[in-house]
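As structure tokens, the structure follows; a few thoughts come after it.
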Amino acid sequence: MSGNRKVYLIGAGPGDPDLITVKGLRLLQEADVVMYTDSLVSEALIAKAKPEAEVIKSAGLELNEMVGIMADRVRAGKMVARVHTGDPSVFGAIMEQVALLKKEEIGVEVVPGVSSVFAAAAALGAELTIPELTQTLILTRAEGRTPVPELEKLRDLAAHHTTIALFLSATLIRKVVAELREAGWRDDTPVAVVQRATWPDQLVIRTTVGELEAQMREHGIRSHAMILAGWALDPDIHGKEQYRSKLYDKTFTHRFRRGVKE
Ligand SMILES: C[S@@+](CC[C@H](N)C(=O)[O-])C[C@H]1O[C@@H](n2cnc3c(N)ncnc32)[C@H](O)[C@@H]1O
């Protein structure tokens, strides 16, 4: 790879322009060319690019065009920032861009962002890993037109009864509910849906497996929604003493604090 020929792949965060990292913002402000996923990345964030920057919307472009433009600009000595929604590593479709850029002998530097899964958890004030309840979070999607690998069917993942975060699944709710039930999830299992987390029109719904489909229909939610499911989403979890972390328990000794004997 010759010289410093690279594209910065920057996670913009879930929507709120203040939720980009300090590093991501600095690179965005220095870039000569900013390509971004319009409709998913806030215009207010892109407006922070320098006035003379070339700003390109990627939604109308196909992959080869997108990569062609980035490669051209990098070869012309320009600094290119490719801005993705949330964190680029989760359902970010970056691999195909990285592969084609590599063919052009152009590298990438990925700058992480706040994924919508964590923005949704924050909107709910939820902890997704609760001691002695679940210590695992599964990030996945329901199977629609895009297949999921045989060993990753939702009913099999759900058999672990962990917290599950579903991306890209708002139109597949009937299937989601059916598979959760097949995995033995009770109808009263808590589910929370956050649509457009951190945007001004954010919508939060707390429901259950049994009510999820009706609630999604009632609120007309068909896109841009994070679905978090499992008992960690129990709205009453804060009152349940048995699930307190040991970390701050006064009898628990760890590297930085000696616990007291009771
Ligand atoms: C193509 S994926 C991109 C995910 C992104 N890389 C991330 O880390 O959040 C798009 C899906 O992410 C979720 N999503 C993205 N932004 C969201 C937001 N602000 N609120 C709720 N869900 C969001 C939705 O499930 C949506 O269908």
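Residues are referred to by chain and number: the chain letter is A, B, ... according to the order shown in the structure tokens, the number counts from 1 in that chain, and ligands are numbered separately from 1 in the order shown.
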Could you list, as an mmCIF file with all heavy atoms, in the first residue's frame, all residues that come within 8 Å of ligand 1? Count only C-alpha atoms and all ligand atoms.
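And here is the file that came out, out-v6.cif:
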```cif
data_model
loop_
_atom_site.group_PDB
_atom_site.id
_atom_site.type_symbol
_atom_site.label_atom_id
_atom_site.label_comp_id
_atom_site.auth_asym_id
_atom_site.auth_seq_id
_atom_site.Cartn_x
_atom_site.Cartn_y
_atom_site.Cartn_z
ATOM 1 N N GLY A 11 -17.795 6.016 12.400
ATOM 2 C CA GLY A 11 -19.115 5.771 12.976
ATOM 3 C C GLY A 11 -19.702 7.097 13.446
ATOM 4 O O GLY A 11 -19.101 7.785 14.267
ATOM 5 N N GLY A 13 -22.542 7.439 15.038
ATOM 6 C CA GLY A 13 -23.449 7.302 16.171
ATOM 7 C C GLY A 13 -24.882 7.178 15.660
ATOM 8 O O GLY A 13 -25.131 7.187 14.454
ATOM 9 N N PRO A 14 -25.830 7.058 16.599
ATOM 10 C CA PRO A 14 -27.195 6.685 16.241
ATOM 11 C C PRO A 14 -28.056 7.808 15.646
ATOM 12 O O PRO A 14 -29.119 7.535 15.105
ATOM 13 C CB PRO A 14 -27.781 6.252 17.591
ATOM 14 C CG PRO A 14 -27.000 7.038 18.595
ATOM 15 C CD PRO A 14 -25.622 7.159 18.043
ATOM 16 N N GLY A 15 -27.647 9.035 15.774
ATOM 17 C CA GLY A 15 -28.493 10.127 15.247
ATOM 18 C C GLY A 15 -28.100 11.472 15.824
ATOM 19 O O GLY A 15 -27.698 12.377 15.095
ATOM 20 N N LEU A 40 -29.827 8.276 7.315
ATOM 21 C CA LEU A 40 -29.480 7.615 8.578
ATOM 22 C C LEU A 40 -28.489 8.438 9.398
ATOM 23 O O LEU A 40 -28.378 8.272 10.609
ATOM 24 C CB LEU A 40 -28.884 6.228 8.305
ATOM 25 C CG LEU A 40 -29.874 5.176 7.799
ATOM 26 C CD1 LEU A 40 -29.156 3.887 7.451
ATOM 27 C CD2 LEU A 40 -30.956 4.894 8.834
ATOM 28 N N HIS A 84 -20.589 6.456 8.469
ATOM 29 C CA HIS A 84 -21.618 5.415 8.579
ATOM 30 C C HIS A 84 -22.466 5.626 9.822
ATOM 31 O O HIS A 84 -21.985 6.134 10.829
ATOM 32 C CB HIS A 84 -20.952 4.042 8.708
ATOM 33 C CG HIS A 84 -20.552 3.463 7.404
ATOM 34 N ND1 HIS A 84 -21.339 2.604 6.694
ATOM 35 C CD2 HIS A 84 -19.424 3.630 6.676
ATOM 36 C CE1 HIS A 84 -20.726 2.265 5.575
ATOM 37 N NE2 HIS A 84 -19.567 2.875 5.541
ATOM 38 N N THR A 85 -23.683 5.121 9.793
ATOM 39 C CA THR A 85 -24.555 5.243 10.966
ATOM 40 C C THR A 85 -24.117 4.281 12.088
ATOM 41 O O THR A 85 -23.606 3.191 11.815
ATOM 42 C CB THR A 85 -26.020 4.981 10.551
ATOM 43 O OG1 THR A 85 -26.820 5.016 11.714
ATOM 44 C CG2 THR A 85 -26.192 3.654 9.889
ATOM 45 N N GLY A 86 -24.328 4.702 13.317
ATOM 46 C CA GLY A 86 -24.027 3.852 14.471
ATOM 47 C C GLY A 86 -22.545 3.515 14.532
ATOM 48 O O GLY A 86 -21.682 4.382 14.394
ATOM 49 N N ASP A 87 -22.263 2.236 14.738
ATOM 50 C CA ASP A 87 -20.886 1.750 14.670
ATOM 51 C C ASP A 87 -20.724 1.004 13.343
ATOM 52 O O ASP A 87 -21.566 0.168 12.999
ATOM 53 C CB ASP A 87 -20.586 0.800 15.834
ATOM 54 C CG ASP A 87 -19.132 0.359 15.769
ATOM 55 O OD1 ASP A 87 -18.291 1.068 16.344
ATOM 56 O OD2 ASP A 87 -18.843 -0.653 15.106
ATOM 57 N N PRO A 88 -19.644 1.272 12.623
ATOM 58 C CA PRO A 88 -19.508 0.651 11.295
ATOM 59 C C PRO A 88 -19.419 -0.874 11.328
ATOM 60 O O PRO A 88 -19.705 -1.531 10.334
ATOM 61 C CB PRO A 88 -18.186 1.238 10.766
ATOM 62 C CG PRO A 88 -17.911 2.444 11.594
ATOM 63 C CD PRO A 88 -18.545 2.209 12.926
ATOM 64 N N SER A 89 -19.056 -1.444 12.465
ATOM 65 C CA SER A 89 -18.811 -2.892 12.485
ATOM 66 C C SER A 89 -20.081 -3.730 12.616
ATOM 67 O O SER A 89 -20.040 -4.946 12.479
ATOM 68 C CB SER A 89 -17.857 -3.249 13.632
ATOM 69 O OG SER A 89 -18.504 -3.091 14.872
ATOM 70 N N VAL A 90 -21.208 -3.096 12.924
ATOM 71 C CA VAL A 90 -22.438 -3.867 13.107
ATOM 72 C C VAL A 90 -23.409 -3.546 11.970
ATOM 73 O O VAL A 90 -23.899 -2.411 11.871
ATOM 74 C CB VAL A 90 -23.152 -3.514 14.440
ATOM 75 C CG1 VAL A 90 -24.084 -4.639 14.847
ATOM 76 C CG2 VAL A 90 -22.174 -3.218 15.536
ATOM 77 N N PHE A 91 -23.686 -4.522 11.135
ATOM 78 C CA PHE A 91 -24.574 -4.342 9.987
ATOM 79 C C PHE A 91 -24.225 -3.060 9.219
ATOM 80 O O PHE A 91 -25.105 -2.330 8.787
ATOM 81 C CB PHE A 91 -26.048 -4.346 10.426
ATOM 82 C CG PHE A 91 -26.466 -5.638 11.073
ATOM 83 C CD1 PHE A 91 -26.746 -5.705 12.433
ATOM 84 C CD2 PHE A 91 -26.535 -6.814 10.330
ATOM 85 C CE1 PHE A 91 -27.099 -6.911 13.036
ATOM 86 C CE2 PHE A 91 -26.880 -8.013 10.924
ATOM 87 C CZ PHE A 91 -27.168 -8.063 12.279
ATOM 88 N N GLY A 92 -22.944 -2.805 9.085
ATOM 89 C CA GLY A 92 -22.502 -1.564 8.453
ATOM 90 C C GLY A 92 -22.155 -1.732 6.979
ATOM 91 O O GLY A 92 -21.871 -0.752 6.296
ATOM 92 N N ALA A 93 -22.170 -2.951 6.480
ATOM 93 C CA ALA A 93 -21.824 -3.233 5.079
ATOM 94 C C ALA A 93 -20.499 -2.579 4.689
ATOM 95 O O ALA A 93 -20.364 -2.019 3.601
ATOM 96 C CB ALA A 93 -22.956 -2.785 4.147
ATOM 97 N N GLY A 113 -18.137 4.000 16.505
ATOM 98 C CA GLY A 113 -19.212 4.933 16.852
ATOM 99 C C GLY A 113 -20.144 4.288 17.859
ATOM 100 O O GLY A 113 -20.012 3.106 18.167
ATOM 101 N N VAL A 114 -21.096 5.044 18.356
ATOM 102 C CA VAL A 114 -22.079 4.499 19.302
ATOM 103 C C VAL A 114 -23.144 3.768 18.489
ATOM 104 O O VAL A 114 -23.856 4.387 17.701
ATOM 105 C CB VAL A 114 -22.749 5.628 20.115
ATOM 106 C CG1 VAL A 114 -23.827 5.051 21.034
ATOM 107 C CG2 VAL A 114 -21.715 6.393 20.918
ATOM 108 N N SER A 115 -23.229 2.476 18.678
ATOM 109 C CA SER A 115 -24.239 1.716 17.936
ATOM 110 C C SER A 115 -25.636 2.017 18.470
ATOM 111 O O SER A 115 -25.818 2.337 19.645
ATOM 112 C CB SER A 115 -23.957 0.224 18.075
ATOM 113 O OG SER A 115 -25.002 -0.502 17.471
ATOM 114 N N SER A 116 -26.625 1.836 17.601
ATOM 115 C CA SER A 116 -28.021 2.063 18.018
ATOM 116 C C SER A 116 -28.422 1.124 19.149
ATOM 117 O O SER A 116 -29.322 1.449 19.923
ATOM 118 C CB SER A 116 -28.953 1.895 16.835
ATOM 119 O OG SER A 116 -28.777 0.636 16.228
ATOM 120 N N VAL A 117 -27.758 -0.022 19.251
ATOM 121 C CA VAL A 117 -28.134 -0.928 20.346
ATOM 122 C C VAL A 117 -27.851 -0.263 21.696
ATOM 123 O O VAL A 117 -28.649 -0.354 22.640
ATOM 124 C CB VAL A 117 -27.436 -2.308 20.222
ATOM 125 C CG1 VAL A 117 -25.940 -2.224 20.225
ATOM 126 C CG2 VAL A 117 -27.875 -3.235 21.338
ATOM 127 N N ALA A 119 -27.488 3.071 22.132
ATOM 128 C CA ALA A 119 -28.328 4.274 22.243
ATOM 129 C C ALA A 119 -29.722 3.881 22.736
ATOM 130 O O ALA A 119 -30.322 4.572 23.563
ATOM 131 C CB ALA A 119 -28.421 4.958 20.885
ATOM 132 N N ALA A 120 -30.222 2.745 22.247
ATOM 133 C CA ALA A 120 -31.547 2.286 22.672
ATOM 134 C C ALA A 120 -31.521 1.908 24.155
ATOM 135 O O ALA A 120 -32.428 2.265 24.921
ATOM 136 C CB ALA A 120 -31.991 1.104 21.815
ATOM 137 N N LEU A 166 -32.298 -6.950 18.320
ATOM 138 C CA LEU A 166 -32.638 -7.238 16.925
ATOM 139 C C LEU A 166 -32.539 -5.982 16.076
ATOM 140 O O LEU A 166 -33.278 -5.009 16.292
ATOM 141 C CB LEU A 166 -34.055 -7.795 16.847
ATOM 142 C CG LEU A 166 -34.236 -9.208 17.390
ATOM 143 C CD1 LEU A 166 -35.704 -9.496 17.683
ATOM 144 C CD2 LEU A 166 -33.686 -10.243 16.426
ATOM 145 N N PHE A 167 -31.616 -6.002 15.146
ATOM 146 C CA PHE A 167 -31.492 -4.954 14.141
ATOM 147 C C PHE A 167 -32.385 -5.346 12.951
ATOM 148 O O PHE A 167 -32.668 -6.529 12.751
ATOM 149 C CB PHE A 167 -30.055 -4.859 13.616
ATOM 150 C CG PHE A 167 -29.048 -4.346 14.601
ATOM 151 C CD1 PHE A 167 -28.597 -5.137 15.640
ATOM 152 C CD2 PHE A 167 -28.530 -3.071 14.477
ATOM 153 C CE1 PHE A 167 -27.649 -4.665 16.544
ATOM 154 C CE2 PHE A 167 -27.576 -2.586 15.368
ATOM 155 C CZ PHE A 167 -27.148 -3.387 16.405
ATOM 156 N N LEU A 168 -32.753 -4.359 12.146
ATOM 157 C CA LEU A 168 -33.327 -4.600 10.809
ATOM 158 C C LEU A 168 -34.513 -5.570 10.836
ATOM 159 O O LEU A 168 -34.709 -6.326 9.890
ATOM 160 C CB LEU A 168 -32.229 -5.182 9.893
ATOM 161 C CG LEU A 168 -31.025 -4.273 9.638
ATOM 162 C CD1 LEU A 168 -29.811 -5.084 9.201
ATOM 163 C CD2 LEU A 168 -31.356 -3.228 8.568
ATOM 164 N N SER A 169 -35.287 -5.570 11.889
ATOM 165 C CA SER A 169 -36.302 -6.611 12.040
ATOM 166 C C SER A 169 -37.716 -6.085 12.211
ATOM 167 O O SER A 169 -38.645 -6.869 12.427
ATOM 168 C CB SER A 169 -35.950 -7.502 13.243
ATOM 169 O OG SER A 169 -34.663 -8.055 13.086
ATOM 170 N N ALA A 170 -37.918 -4.766 12.079
ATOM 171 C CA ALA A 170 -39.224 -4.175 12.396
ATOM 172 C C ALA A 170 -40.356 -4.719 11.529
ATOM 173 O O ALA A 170 -41.507 -4.762 11.972
ATOM 174 C CB ALA A 170 -39.150 -2.649 12.273
ATOM 175 N N VAL A 194 -37.131 0.775 20.569
ATOM 176 C CA VAL A 194 -36.790 2.202 20.482
ATOM 177 C C VAL A 194 -36.646 2.535 19.001
ATOM 178 O O VAL A 194 -35.795 1.983 18.312
ATOM 179 C CB VAL A 194 -35.488 2.542 21.235
ATOM 180 C CG1 VAL A 194 -35.236 4.046 21.186
ATOM 181 C CG2 VAL A 194 -35.556 2.051 22.679
ATOM 182 N N GLN A 195 -37.542 3.385 18.539
ATOM 183 C CA GLN A 195 -37.470 3.817 17.143
ATOM 184 C C GLN A 195 -36.751 5.156 17.092
ATOM 185 O O GLN A 195 -36.998 6.032 17.910
ATOM 186 C CB GLN A 195 -38.880 3.954 16.549
ATOM 187 C CG GLN A 195 -38.840 4.213 15.051
ATOM 188 C CD GLN A 195 -40.210 4.396 14.439
ATOM 189 O OE1 GLN A 195 -41.097 4.989 15.050
ATOM 190 N NE2 GLN A 195 -40.408 3.885 13.232
ATOM 191 N N ARG A 196 -35.844 5.297 16.136
ATOM 192 C CA ARG A 196 -35.081 6.539 15.944
ATOM 193 C C ARG A 196 -34.450 7.023 17.257
ATOM 194 O O ARG A 196 -34.583 8.185 17.645
ATOM 195 C CB ARG A 196 -35.966 7.618 15.311
ATOM 196 C CG ARG A 196 -36.372 7.238 13.885
ATOM 197 C CD ARG A 196 -37.256 8.253 13.221
ATOM 198 N NE ARG A 196 -36.626 9.558 13.064
ATOM 199 C CZ ARG A 196 -35.754 9.880 12.111
ATOM 200 N NH1 ARG A 196 -35.405 8.970 11.230
ATOM 201 N NH2 ARG A 196 -35.245 11.080 12.046
ATOM 202 N N ALA A 197 -33.747 6.110 17.906
ATOM 203 C CA ALA A 197 -33.094 6.441 19.178
ATOM 204 C C ALA A 197 -32.212 7.671 19.011
ATOM 205 O O ALA A 197 -31.446 7.769 18.035
ATOM 206 C CB ALA A 197 -32.245 5.246 19.638
ATOM 207 N N THR A 198 -32.326 8.595 19.927
ATOM 208 C CA THR A 198 -31.568 9.861 20.045
ATOM 209 C C THR A 198 -31.956 10.932 19.018
ATOM 210 O O THR A 198 -31.400 12.018 19.024
ATOM 211 C CB THR A 198 -30.015 9.682 20.013
ATOM 212 O OG1 THR A 198 -29.574 9.516 18.659
ATOM 213 C CG2 THR A 198 -29.536 8.537 20.883
ATOM 214 N N TRP A 199 -32.872 10.621 18.093
ATOM 215 C CA TRP A 199 -33.374 11.654 17.178
ATOM 216 C C TRP A 199 -34.466 12.427 17.924
ATOM 217 O O TRP A 199 -35.048 11.911 18.881
ATOM 218 C CB TRP A 199 -33.942 11.035 15.899
ATOM 219 C CG TRP A 199 -32.916 10.410 15.008
ATOM 220 C CD1 TRP A 199 -32.343 9.175 15.168
ATOM 221 C CD2 TRP A 199 -32.310 10.979 13.842
ATOM 222 N NE1 TRP A 199 -31.423 8.945 14.160
ATOM 223 C CE2 TRP A 199 -31.388 10.031 13.332
ATOM 224 C CE3 TRP A 199 -32.460 12.187 13.151
ATOM 225 C CZ2 TRP A 199 -30.622 10.254 12.175
ATOM 226 C CZ3 TRP A 199 -31.700 12.404 12.008
ATOM 227 C CH2 TRP A 199 -30.791 11.453 11.535
ATOM 228 N N GLN A 202 -37.642 10.452 18.691
ATOM 229 C CA GLN A 202 -37.452 9.113 19.281
ATOM 230 C C GLN A 202 -38.759 8.602 19.906
ATOM 231 O O GLN A 202 -39.459 9.335 20.588
ATOM 232 C CB GLN A 202 -36.371 9.206 20.351
ATOM 233 C CG GLN A 202 -36.299 8.001 21.280
ATOM 234 C CD GLN A 202 -35.229 8.169 22.338
ATOM 235 O OE1 GLN A 202 -34.058 8.162 22.037
ATOM 236 N NE2 GLN A 202 -35.639 8.312 23.593
ATOM 237 N N SER A 223 -39.647 0.676 10.501
ATOM 238 C CA SER A 223 -38.228 0.866 10.166
ATOM 239 C C SER A 223 -37.527 1.585 11.306
ATOM 240 O O SER A 223 -38.179 2.108 12.219
ATOM 241 C CB SER A 223 -38.089 1.696 8.885
ATOM 242 O OG SER A 223 -38.567 2.994 9.134
ATOM 243 N N HIS A 224 -36.172 1.630 11.186
ATOM 244 C CA HIS A 224 -35.355 2.441 12.081
ATOM 245 C C HIS A 224 -35.624 2.122 13.558
ATOM 246 O O HIS A 224 -35.661 3.024 14.414
ATOM 247 C CB HIS A 224 -35.643 3.926 11.808
ATOM 248 C CG HIS A 224 -34.398 4.746 11.806
ATOM 249 N ND1 HIS A 224 -34.267 5.910 11.098
ATOM 250 C CD2 HIS A 224 -33.230 4.593 12.453
ATOM 251 C CE1 HIS A 224 -33.079 6.427 11.296
ATOM 252 N NE2 HIS A 224 -32.419 5.639 12.111
ATOM 253 N N ALA A 225 -35.837 0.833 13.848
ATOM 254 C CA ALA A 225 -36.181 0.466 15.223
ATOM 255 C C ALA A 225 -35.231 -0.585 15.772
ATOM 256 O O ALA A 225 -34.842 -1.519 15.066
ATOM 257 C CB ALA A 225 -37.606 -0.074 15.272
ATOM 258 N N MET A 226 -34.863 -0.422 17.026
ATOM 259 C CA MET A 226 -34.061 -1.406 17.748
ATOM 260 C C MET A 226 -35.007 -2.153 18.691
ATOM 261 O O MET A 226 -35.725 -1.520 19.468
ATOM 262 C CB MET A 226 -32.974 -0.674 18.535
ATOM 263 C CG MET A 226 -32.148 -1.529 19.459
ATOM 264 S SD MET A 226 -31.325 -2.910 18.668
ATOM 265 C CE MET A 226 -30.442 -2.080 17.368
ATOM 266 N N ILE A 227 -34.987 -3.463 18.606
ATOM 267 C CA ILE A 227 -35.847 -4.274 19.471
ATOM 268 C C ILE A 227 -34.949 -4.984 20.476
ATOM 269 O O ILE A 227 -34.037 -5.714 20.085
ATOM 270 C CB ILE A 227 -36.643 -5.295 18.631
ATOM 271 C CG1 ILE A 227 -37.527 -4.536 17.635
ATOM 272 C CG2 ILE A 227 -37.487 -6.203 19.529
ATOM 273 C CD1 ILE A 227 -38.000 -5.376 16.477
#
```
Q. Could you write out, as a PyMOL selection string, all the residues of range 70-101 of chain A that DSSP marks as strand (DSSP E)?
A. chain A and resi 80-84
Filtering to N, CA, C and O atoms, could you give me those residues as a compact mmCIF listing (two decimals), in the first residue's frame?
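What follows is the written file selection_8.txt:
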```txt
# COMPACT_ATOMS: atom_id res chain seq x y z
N VAL A 80 -10.37 11.64 2.73
CA VAL A 80 -11.75 11.18 2.54
C VAL A 80 -12.31 10.57 3.82
O VAL A 80 -11.71 9.66 4.41
N ALA A 81 -13.47 11.07 4.23
CA ALA A 81 -14.18 10.50 5.39
C ALA A 81 -15.47 9.86 4.88
O ALA A 81 -16.29 10.52 4.25
N ARG A 82 -15.62 8.57 5.16
CA ARG A 82 -16.86 7.86 4.79
C ARG A 82 -17.62 7.67 6.10
O ARG A 82 -17.15 6.95 7.01
N VAL A 83 -18.75 8.33 6.22
CA VAL A 83 -19.45 8.36 7.51
C VAL A 83 -20.63 7.37 7.50
O VAL A 83 -21.52 7.45 6.65
N HIS A 84 -20.59 6.46 8.47
CA HIS A 84 -21.62 5.41 8.58
C HIS A 84 -22.47 5.63 9.82
O HIS A 84 -21.99 6.13 10.83
```
Q.
Set the distance at 7 Å and use only C-alpha atoms: which residues neighbour range 66-69 of chain A once local chain neighbours fewer than 6 positions away are removed? I'd like the list as a list in words.
A.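 That gives Ser58, Gln97, Leu100 and Leu101 of chain A.
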Q | Using only C-alpha atoms: which of A:Arg75, A:Ile20, A:Pro190, A:Ala31 has the shortest distance to Glu52 in chain A | A |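 Ranking A:Arg75, A:Ile20, A:Pro190, A:Ala31 by distance to Glu52 in chain A, first place goes to A:Ala31.
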Q. Between A:Lys78, A:Arg141, A:Arg258, A:Lys103, which is the closest to Glu54 in chain A once you count only C-alpha atoms?
A. A:Lys78
Q: Rank nothing, just name the residue among A:Trp231, A:Phe118, A:Trp185, A:Tyr36 nearest to Glu132 in chain A, using only C-alpha atoms.
A: A:Trp231
(Q) So, with only C-alpha atoms as the atoms that count, which of A:Val41, A:Ala71, A:Val148, A:Val22 lies closest to Glu104 in chain A? (A)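 The shortest atom-to-atom distance to Glu104 in chain A comes from A:Ala71.
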